[in-house]
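Dumped query16.cif below, it's mmCIF, C-alpha atoms:
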data_final
#
loop_
_atom_site.label_atom_id
_atom_site.label_comp_id
_atom_site.auth_asym_id
_atom_site.auth_seq_id
_atom_site.Cartn_x
_atom_site.Cartn_y
_atom_site.Cartn_z
CA MET Z 1 -62.28 -62.89 -128.13
CA LYS Z 2 -65.76 -61.98 -126.99
CA ASN Z 3 -66.12 -59.23 -124.40
CA LEU Z 4 -66.67 -60.26 -120.78
CA VAL Z 5 -70.16 -59.70 -119.35
CA SER Z 6 -70.50 -59.19 -115.60
CA ILE Z 7 -73.88 -60.35 -114.34
CA ILE Z 8 -74.97 -58.62 -111.14
CA MET Z 9 -77.07 -60.82 -108.86
CA PRO Z 10 -78.06 -59.88 -105.28
CA SER Z 11 -79.26 -62.65 -102.99
CA CYS Z 12 -81.04 -62.73 -99.65
CA ASN Z 13 -82.81 -65.85 -98.43
CA SER Z 14 -83.16 -66.95 -102.04
CA GLU Z 15 -82.75 -70.71 -101.62
CA LYS Z 16 -86.09 -71.50 -103.32
CA TYR Z 17 -85.28 -70.05 -106.74
CA ILE Z 18 -81.58 -69.16 -106.96
CA CYS Z 19 -80.55 -72.50 -108.48
CA GLN Z 20 -82.93 -71.87 -111.39
CA SER Z 21 -81.51 -68.38 -111.87
CA ILE Z 22 -77.89 -69.55 -111.79
CA ASP Z 23 -78.66 -72.46 -114.12
CA SER Z 24 -80.20 -70.05 -116.62
CA VAL Z 25 -76.85 -68.21 -116.68
CA ILE Z 26 -74.77 -71.37 -116.97
CA SER Z 27 -76.89 -72.48 -119.94
CA GLN Z 28 -76.15 -69.30 -121.93
CA THR Z 29 -74.87 -69.84 -125.46
CA TYR Z 30 -72.64 -66.79 -124.88
CA GLN Z 31 -70.08 -68.21 -122.47
CA ASN Z 32 -67.72 -65.32 -121.68
CA TRP Z 33 -69.43 -64.12 -118.52
CA GLU Z 34 -68.87 -63.85 -114.80
CA LEU Z 35 -71.76 -64.13 -112.35
CA VAL Z 36 -71.05 -61.79 -109.45
CA ILE Z 37 -73.33 -62.74 -106.56
CA SER Z 38 -73.38 -60.66 -103.40
CA ASP Z 39 -75.32 -62.17 -100.53
CA ASP Z 40 -77.10 -59.85 -98.13
CA HIS Z 41 -76.49 -61.96 -95.04
CA SER Z 42 -78.99 -64.73 -95.82
CA SER Z 43 -80.24 -66.76 -92.86
CA ASP Z 44 -81.19 -69.78 -95.00
CA SER Z 45 -78.98 -72.02 -97.17
CA THR Z 46 -78.53 -69.48 -100.00
CA TYR Z 47 -74.88 -68.75 -99.29
CA ASN Z 48 -73.96 -72.44 -99.13
CA ILE Z 49 -75.80 -73.16 -102.37
CA VAL Z 50 -73.93 -70.41 -104.22
CA GLU Z 51 -70.66 -71.45 -102.63
CA GLU Z 52 -71.06 -74.94 -104.10
CA TYR Z 53 -71.77 -73.47 -107.53
CA SER Z 54 -68.67 -71.25 -107.27
CA LYS Z 55 -66.50 -74.29 -106.51
CA ARG Z 56 -67.73 -76.03 -109.67
CA ASP Z 57 -67.59 -72.99 -111.96
CA LYS Z 58 -64.90 -70.35 -111.45
CA ARG Z 59 -66.95 -67.81 -113.40
CA ILE Z 60 -69.29 -67.62 -110.41
CA LYS Z 61 -67.93 -65.15 -107.85
CA LEU Z 62 -69.44 -64.98 -104.35
CA PHE Z 63 -69.25 -62.07 -101.90
CA ARG Z 64 -71.12 -61.29 -98.70
CA ASN Z 65 -72.28 -58.18 -96.89
CA THR Z 66 -71.42 -57.99 -93.21
CA GLY Z 67 -75.08 -57.35 -92.36
CA GLY Z 68 -78.46 -56.92 -93.99
CA ARG Z 69 -77.86 -53.73 -95.99
CA GLY Z 70 -80.52 -53.97 -98.68
CA ALA Z 71 -80.63 -54.50 -102.44
CA ALA Z 72 -78.89 -51.26 -103.46
CA HIS Z 73 -75.78 -51.87 -101.32
CA THR Z 74 -75.74 -55.52 -102.37
CA ARG Z 75 -75.94 -54.80 -106.09
CA ASN Z 76 -73.35 -52.04 -105.76
CA LEU Z 77 -70.95 -54.47 -104.09
CA SER Z 78 -71.24 -56.73 -107.12
CA ILE Z 79 -70.78 -53.80 -109.52
CA GLU Z 80 -67.65 -52.80 -107.59
CA LYS Z 81 -66.22 -56.32 -107.92
CA ALA Z 82 -67.23 -56.73 -111.57
CA LYS Z 83 -64.45 -57.01 -114.17
CA GLY Z 84 -66.48 -57.18 -117.38
CA ARG Z 85 -66.94 -54.57 -120.06
CA TYR Z 86 -70.70 -55.03 -119.92
CA ILE Z 87 -72.80 -54.87 -116.77
CA ALA Z 88 -76.02 -56.92 -116.84
CA PHE Z 89 -78.56 -57.57 -114.09
CA LEU Z 90 -80.43 -60.69 -113.01
CA ASP Z 91 -82.16 -61.12 -109.67
CA SER Z 92 -82.01 -64.42 -107.81
CA ASP Z 93 -85.55 -65.45 -108.73
CA ASP Z 94 -85.59 -64.38 -112.40
CA LEU Z 95 -84.53 -66.28 -115.51
CA TRP Z 96 -82.91 -65.73 -118.90
CA TYR Z 97 -83.51 -67.65 -122.11
CA PRO Z 98 -80.37 -69.56 -123.21
CA ASN Z 99 -79.74 -67.15 -126.12
CA TYR Z 100 -80.28 -64.02 -124.03
CA LEU Z 101 -76.67 -62.81 -123.87
CA GLU Z 102 -75.81 -63.97 -127.38
CA LEU Z 103 -78.56 -61.88 -128.96
CA ARG Z 104 -78.26 -58.92 -126.62
CA ILE Z 105 -74.49 -58.46 -126.91
CA SER Z 106 -74.65 -58.94 -130.68
CA HIS Z 107 -77.29 -56.19 -130.87
CA ILE Z 108 -75.23 -53.85 -128.68
CA GLU Z 109 -72.03 -54.31 -130.66
CA GLN Z 110 -73.59 -54.23 -134.11
CA GLU Z 111 -75.47 -51.02 -133.33
CA ASP Z 112 -72.66 -49.51 -131.19
CA LEU Z 113 -74.96 -48.89 -128.19
CA SER Z 114 -74.17 -47.90 -124.61
CA PHE Z 115 -77.36 -48.80 -122.73
CA THR Z 116 -80.07 -51.25 -123.74
CA TYR Z 117 -83.06 -53.24 -122.48
CA SER Z 118 -85.50 -55.78 -123.92
CA TYR Z 119 -88.97 -57.25 -123.63
CA TYR Z 120 -89.65 -59.92 -121.02
CA GLU Z 121 -92.44 -62.11 -119.73
CA LYS Z 122 -93.93 -62.43 -116.27
CA ILE Z 123 -94.26 -65.73 -114.44
CA ASN Z 124 -95.84 -66.55 -111.09
CA MET Z 125 -94.15 -68.19 -108.13
CA ASN Z 126 -94.69 -71.62 -109.68
CA GLY Z 127 -93.06 -70.55 -112.94
CA ASN Z 128 -96.32 -70.35 -114.89
CA TYR Z 129 -96.72 -67.72 -117.59
CA ILE Z 130 -98.72 -64.60 -116.62
CA GLY Z 131 -98.16 -62.14 -119.44
CA ASP Z 132 -95.71 -60.18 -121.56
CA VAL Z 133 -94.10 -56.82 -120.83
CA LYS Z 134 -93.35 -54.97 -124.05
CA ALA Z 135 -92.14 -51.39 -124.00
CA ARG Z 136 -94.15 -49.12 -126.28
CA LYS Z 137 -91.03 -47.16 -127.23
CA LEU Z 138 -87.96 -48.72 -128.84
CA LYS Z 139 -85.81 -46.02 -127.31
CA VAL Z 140 -86.28 -43.88 -124.22
CA SER Z 141 -84.58 -40.66 -123.08
CA TYR Z 142 -84.03 -39.24 -119.62
CA SER Z 143 -87.07 -36.95 -119.84
CA GLN Z 144 -89.28 -39.77 -121.13
CA LEU Z 145 -88.19 -42.18 -118.41
CA LEU Z 146 -89.26 -39.70 -115.72
CA TYR Z 147 -92.87 -40.44 -116.66
CA SER Z 148 -92.59 -44.18 -116.28
CA ASN Z 149 -89.84 -46.74 -115.79
CA VAL Z 150 -90.10 -48.97 -118.87
CA ILE Z 151 -86.76 -50.72 -118.30
CA GLY Z 152 -86.98 -54.07 -116.54
CA CYS Z 153 -83.94 -54.61 -114.32
CA LEU Z 154 -83.44 -58.18 -115.56
CA THR Z 155 -83.04 -56.86 -119.13
CA ALA Z 156 -80.76 -53.83 -118.58
CA ILE Z 157 -77.19 -53.89 -119.91
CA TYR Z 158 -74.71 -51.01 -120.02
CA ASP Z 159 -71.20 -50.60 -121.42
CA THR Z 160 -68.58 -49.59 -118.83
CA LYS Z 161 -66.03 -48.83 -121.54
CA LYS Z 162 -68.22 -45.99 -122.78
CA ILE Z 163 -69.80 -44.65 -119.58
CA GLY Z 164 -67.77 -46.17 -116.74
CA LYS Z 165 -69.24 -47.98 -113.77
CA VAL Z 166 -72.49 -46.41 -112.60
CA TYR Z 167 -73.89 -47.39 -109.21
CA MET Z 168 -77.39 -47.58 -107.80
CA PRO Z 169 -78.64 -44.85 -105.45
CA ILE Z 170 -78.91 -46.05 -101.86
CA MET Z 171 -82.63 -46.44 -101.22
CA ASN Z 172 -84.86 -49.33 -100.13
CA LYS Z 173 -86.75 -49.74 -103.41
CA ARG Z 174 -86.70 -48.47 -107.01
CA GLN Z 175 -82.93 -48.17 -106.99
CA ASP Z 176 -82.89 -49.62 -110.51
CA PHE Z 177 -85.08 -46.73 -111.75
CA GLY Z 178 -82.63 -44.33 -110.14
CA LEU Z 179 -79.69 -46.03 -111.84
CA TRP Z 180 -81.29 -45.79 -115.29
CA LEU Z 181 -81.81 -42.06 -114.78
CA LYS Z 182 -78.19 -41.64 -113.74
CA ILE Z 183 -77.04 -43.45 -116.89
CA LEU Z 184 -79.38 -41.43 -119.11
CA ARG Z 185 -77.70 -38.26 -117.90
CA GLN Z 186 -74.64 -39.53 -119.75
CA VAL Z 187 -76.20 -41.01 -122.90
CA ASP Z 188 -79.06 -39.77 -125.07
CA TYR Z 189 -81.14 -42.94 -125.13
CA ALA Z 190 -81.59 -46.45 -123.83
CA TYR Z 191 -82.44 -48.70 -126.79
CA CYS Z 192 -84.83 -51.63 -126.70
CA TYR Z 193 -84.16 -55.02 -128.25
CA PRO Z 194 -87.79 -55.90 -129.09
CA THR Z 195 -87.72 -59.60 -128.25
CA ILE Z 196 -88.82 -61.54 -125.17
CA LEU Z 197 -85.69 -63.13 -123.73
CA ALA Z 198 -86.21 -63.17 -119.95
CA LYS Z 199 -88.69 -64.22 -117.29
CA TYR Z 200 -89.58 -61.97 -114.35
CA ARG Z 201 -91.01 -63.79 -111.34
CA VAL Z 202 -93.85 -61.90 -109.64
CA GLN Z 203 -93.75 -62.50 -105.91
CA LYS Z 204 -97.02 -62.29 -103.98
CA LYS Z 205 -95.91 -59.49 -101.68
CA SER Z 206 -93.53 -57.79 -104.07
CA VAL Z 207 -93.50 -53.98 -103.84
CA SER Z 208 -93.16 -53.75 -107.61
CA SER Z 209 -96.36 -55.79 -108.05
CA ASN Z 210 -98.36 -53.01 -106.37
CA LYS Z 211 -97.94 -49.75 -108.24
CA LEU Z 212 -99.53 -47.61 -105.54
CA SER Z 213 -96.98 -48.80 -102.99
CA LEU Z 214 -94.27 -47.32 -105.22
CA LEU Z 215 -95.45 -43.74 -104.70
CA LYS Z 216 -93.08 -42.83 -101.88
CA TYR Z 217 -90.16 -44.38 -103.72
CA ASN Z 218 -91.01 -42.52 -106.92
CA TRP Z 219 -91.12 -39.30 -104.91
CA ALA Z 220 -87.65 -40.04 -103.53
CA ILE Z 221 -86.39 -40.65 -107.08
CA TYR Z 222 -87.77 -37.35 -108.33
CA ARG Z 223 -86.50 -35.32 -105.39
CA ASN Z 224 -83.21 -36.99 -104.45
CA VAL Z 225 -81.95 -38.62 -107.65
CA ALA Z 226 -83.37 -36.44 -110.41
CA GLY Z 227 -83.14 -33.34 -108.19
CA LEU Z 228 -86.55 -32.02 -109.26
CA ASN Z 229 -88.32 -29.30 -107.31
CA VAL Z 230 -91.58 -29.99 -105.50
CA ALA Z 231 -93.78 -28.73 -108.36
CA LEU Z 232 -92.14 -30.90 -111.01
CA SER Z 233 -92.08 -33.90 -108.69
CA ALA Z 234 -95.81 -33.46 -108.04
CA TYR Z 235 -96.43 -33.21 -111.79
CA TYR Z 236 -94.71 -36.52 -112.55
CA MET Z 237 -96.44 -38.17 -109.59
CA THR Z 238 -99.81 -37.01 -110.93
CA VAL Z 239 -99.06 -38.46 -114.36
CA PHE Z 240 -97.98 -41.72 -112.70
CA LEU Z 241 -101.28 -41.93 -110.81
CA LEU Z 242 -103.38 -41.09 -113.85
CA LYS Z 243 -101.69 -43.84 -115.85
CA TYR Z 244 -102.18 -46.29 -113.00
CA PHE Z 245 -105.92 -45.66 -112.70
CA PHE Z 246 -106.38 -45.57 -116.48
CA ASN Z 247 -104.75 -48.99 -116.81
CA LYS Z 248 -106.87 -50.34 -113.95
CA PHE Z 249 -110.03 -49.05 -115.62
CA ARG Z 250 -109.01 -50.50 -118.99
CA SER Z 251 -108.31 -53.86 -117.35
CA PHE Z 252 -111.74 -53.75 -115.69
CA LEU Z 253 -113.44 -53.05 -119.03
CA ARG Z 254 -111.63 -55.99 -120.64
CA LYS Z 255 -112.79 -58.34 -117.89
CA MET Z 256 -116.35 -57.07 -118.17
CA SER Z 257 -116.26 -57.50 -121.94
CA LYS Z 258 -115.07 -61.10 -121.65
CA SER Z 259 -117.73 -61.91 -119.08
CA LEU Z 260 -120.46 -60.82 -121.52
CA TYR Z 261 -119.49 -63.39 -124.14
#

Show this structure as structure tokens.
Amino acid sequence: MKNLVSIIMPSCNSEKYICQSIDSVISQTYQNWELVISDDHSSDSTYNIVEEYSKRDKRIKLFRNTGGRGAAHTRNLSIEKAKGRYIAFLDSDDLWYPNYLELRISHIEQEDLSFTYSYYEKINMNGNYIGDVKARKLKVSYSQLLYSNVIGCLTAIYDTKKIGKVYMPIMNKRQDFGLWLKILRQVDYAYCYPTILAKYRVQKKSVSSNKLSLLKYNWAIYRNVAGLNVALSAYYMTVFLLKYFFNKFRSFLRKMSKSLY
């Protein structure tokens, strides 16, 4: 009997894309899963859409916050309700390839791993390909992750049998980064499965699409989750900024180079 995978999906006014996300789970070749969707008091038809899915497929479990409480509370509600050995994450506008769970769980069990992630691709709001996101390191430690979050939430999976249930810190953004740090206090490394198996949808006004807007959230991670002093927090923030501007400059040079030919 294959181990049960609990897929954590928060939803809030997600009617435009959530059917695609749910369908990408239903189409998995690995079938022993439960999709635990917690709705953050949507004002559109999201709740009704998920409710219809849950009536047709008992593996889809639907819960609802009593008020708009944000992504961290909503994901944590799903983690609390989850019954699977493995906890995986998929937001209500992202997608998995059909063999995502099959390959990922096989990798975890063959290598006896506790915490893993993988490559993914980026798509725009219309579902068109934008680019790939490939981690430079095939494993990352707690100290390495402090420099930069290389783990995409839609690709993270951890084993509750080995480390128990670990919950996201309560903050408006970057709660996934905080969760990875909490897990990496318990295990030595998160290991990468170096294959593109998921699609991350870049929303126009997404906070994560603008690195500079993440500064205050990164600071909160360093101070409140990692417990770093002001000096160390400032150091990691400086490195974050230097990487950001270096990548911007490199991107500018590439565009200039292309325009010359």

Next item on the list: Find the residues around Leu232 in chain Z up to 10 Å (all atoms listed in the file counted), leave out those fewer than 6 positions away in its own chain, and share them as a PyMOL selection string.
Entry: chain Z and resi 222-223+238

Could the residues in this selection be written to a file with C-alpha atoms, as a PDB file, in the coordinates of the input?
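Result file out25.pdb:
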ATOM      1  CA  TYR Z 222     -87.770 -37.350-108.330  1.00  0.00           C
ATOM      2  CA  ARG Z 223     -86.500 -35.320-105.390  1.00  0.00           C
ATOM      3  CA  THR Z 238     -99.810 -37.010-110.930  1.00  0.00           C
TER       4      THR Z 238
END

Skip range 16-29 of chain Z itself and residues of its chain fewer than 6 positions away, then list as a short mmCIF file (atom, residue, chain, number, x, y, z; two decimals) with C-alpha atoms, in the coordinates of the input all residues within 12 Å of it, counting only C-alpha atoms.
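Output below, filename around-v2.cif:
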data_model
loop_
_atom_site.label_atom_id
_atom_site.label_comp_id
_atom_site.auth_asym_id
_atom_site.auth_seq_id
_atom_site.Cartn_x
_atom_site.Cartn_y
_atom_site.Cartn_z
CA VAL Z 5 -70.16 -59.70 -119.35
CA SER Z 6 -70.50 -59.19 -115.60
CA ILE Z 7 -73.88 -60.35 -114.34
CA ILE Z 8 -74.97 -58.62 -111.14
CA MET Z 9 -77.07 -60.82 -108.86
CA PRO Z 10 -78.06 -59.88 -105.28
CA LEU Z 35 -71.76 -64.13 -112.35
CA VAL Z 36 -71.05 -61.79 -109.45
CA ILE Z 37 -73.33 -62.74 -106.56
CA ASP Z 39 -75.32 -62.17 -100.53
CA ASP Z 44 -81.19 -69.78 -95.00
CA SER Z 45 -78.98 -72.02 -97.17
CA THR Z 46 -78.53 -69.48 -100.00
CA TYR Z 47 -74.88 -68.75 -99.29
CA ASN Z 48 -73.96 -72.44 -99.13
CA ILE Z 49 -75.80 -73.16 -102.37
CA VAL Z 50 -73.93 -70.41 -104.22
CA GLU Z 51 -70.66 -71.45 -102.63
CA GLU Z 52 -71.06 -74.94 -104.10
CA TYR Z 53 -71.77 -73.47 -107.53
CA SER Z 54 -68.67 -71.25 -107.27
CA ARG Z 56 -67.73 -76.03 -109.67
CA ASP Z 57 -67.59 -72.99 -111.96
CA LYS Z 58 -64.90 -70.35 -111.45
CA ARG Z 59 -66.95 -67.81 -113.40
CA ILE Z 60 -69.29 -67.62 -110.41
CA LYS Z 61 -67.93 -65.15 -107.85
CA ALA Z 88 -76.02 -56.92 -116.84
CA PHE Z 89 -78.56 -57.57 -114.09
CA LEU Z 90 -80.43 -60.69 -113.01
CA ASP Z 91 -82.16 -61.12 -109.67
CA SER Z 92 -82.01 -64.42 -107.81
CA ASP Z 93 -85.55 -65.45 -108.73
CA ASP Z 94 -85.59 -64.38 -112.40
CA LEU Z 95 -84.53 -66.28 -115.51
CA TRP Z 96 -82.91 -65.73 -118.90
CA TYR Z 97 -83.51 -67.65 -122.11
CA PRO Z 98 -80.37 -69.56 -123.21
CA ASN Z 99 -79.74 -67.15 -126.12
CA TYR Z 100 -80.28 -64.02 -124.03
CA LEU Z 101 -76.67 -62.81 -123.87
CA GLU Z 102 -75.81 -63.97 -127.38
CA LEU Z 103 -78.56 -61.88 -128.96
CA ARG Z 104 -78.26 -58.92 -126.62
CA ILE Z 105 -74.49 -58.46 -126.91
CA ASN Z 124 -95.84 -66.55 -111.09
CA MET Z 125 -94.15 -68.19 -108.13
CA ASN Z 126 -94.69 -71.62 -109.68
CA GLY Z 127 -93.06 -70.55 -112.94
CA LEU Z 154 -83.44 -58.18 -115.56
CA LEU Z 197 -85.69 -63.13 -123.73
CA ALA Z 198 -86.21 -63.17 -119.95
CA LYS Z 199 -88.69 -64.22 -117.29
CA TYR Z 200 -89.58 -61.97 -114.35
CA ARG Z 201 -91.01 -63.79 -111.34
CA GLN Z 203 -93.75 -62.50 -105.91
#

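Among the candidates Z:Glu109, Z:Ser42, Z:Ala156, Z:Ser143, the one nearest to Glu15 in chain Z when counting only C-alpha atoms is Z:Ser42.
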
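From CA of Ile151 in chain Z back to CA of Gln175 in chain Z, the distance works out to 12.2 Å.
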
Check: What do you get, as number ranges by chain, if you spell out every residue that the PyMOL selection byres ((chain Z and resi 137-140) around 9) selects here?
Finding: Z: 116, 118, 134-136, 141-145, 150, 184, 188-194

Notebook entry, point to check: Using only C-alpha atoms, can you list as a ChimeraX atom specification the residues within 12 Å of (-73.6, -46.3, -115.7)?
Noted result: /Z:76,79-80,85-88,114-116,156-169,176,178-187,190

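Nearest residue to Ser38 in chain Z among Z:Ser148, Z:Asn13, Z:Ser233, Z:Asn218 is Z:Asn13, counting all atoms listed in the file.
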
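Our summary of the geometry notes that CA of Ala234 in chain Z is positioned 13.0 Å from CA of Tyr217 in chain Z.
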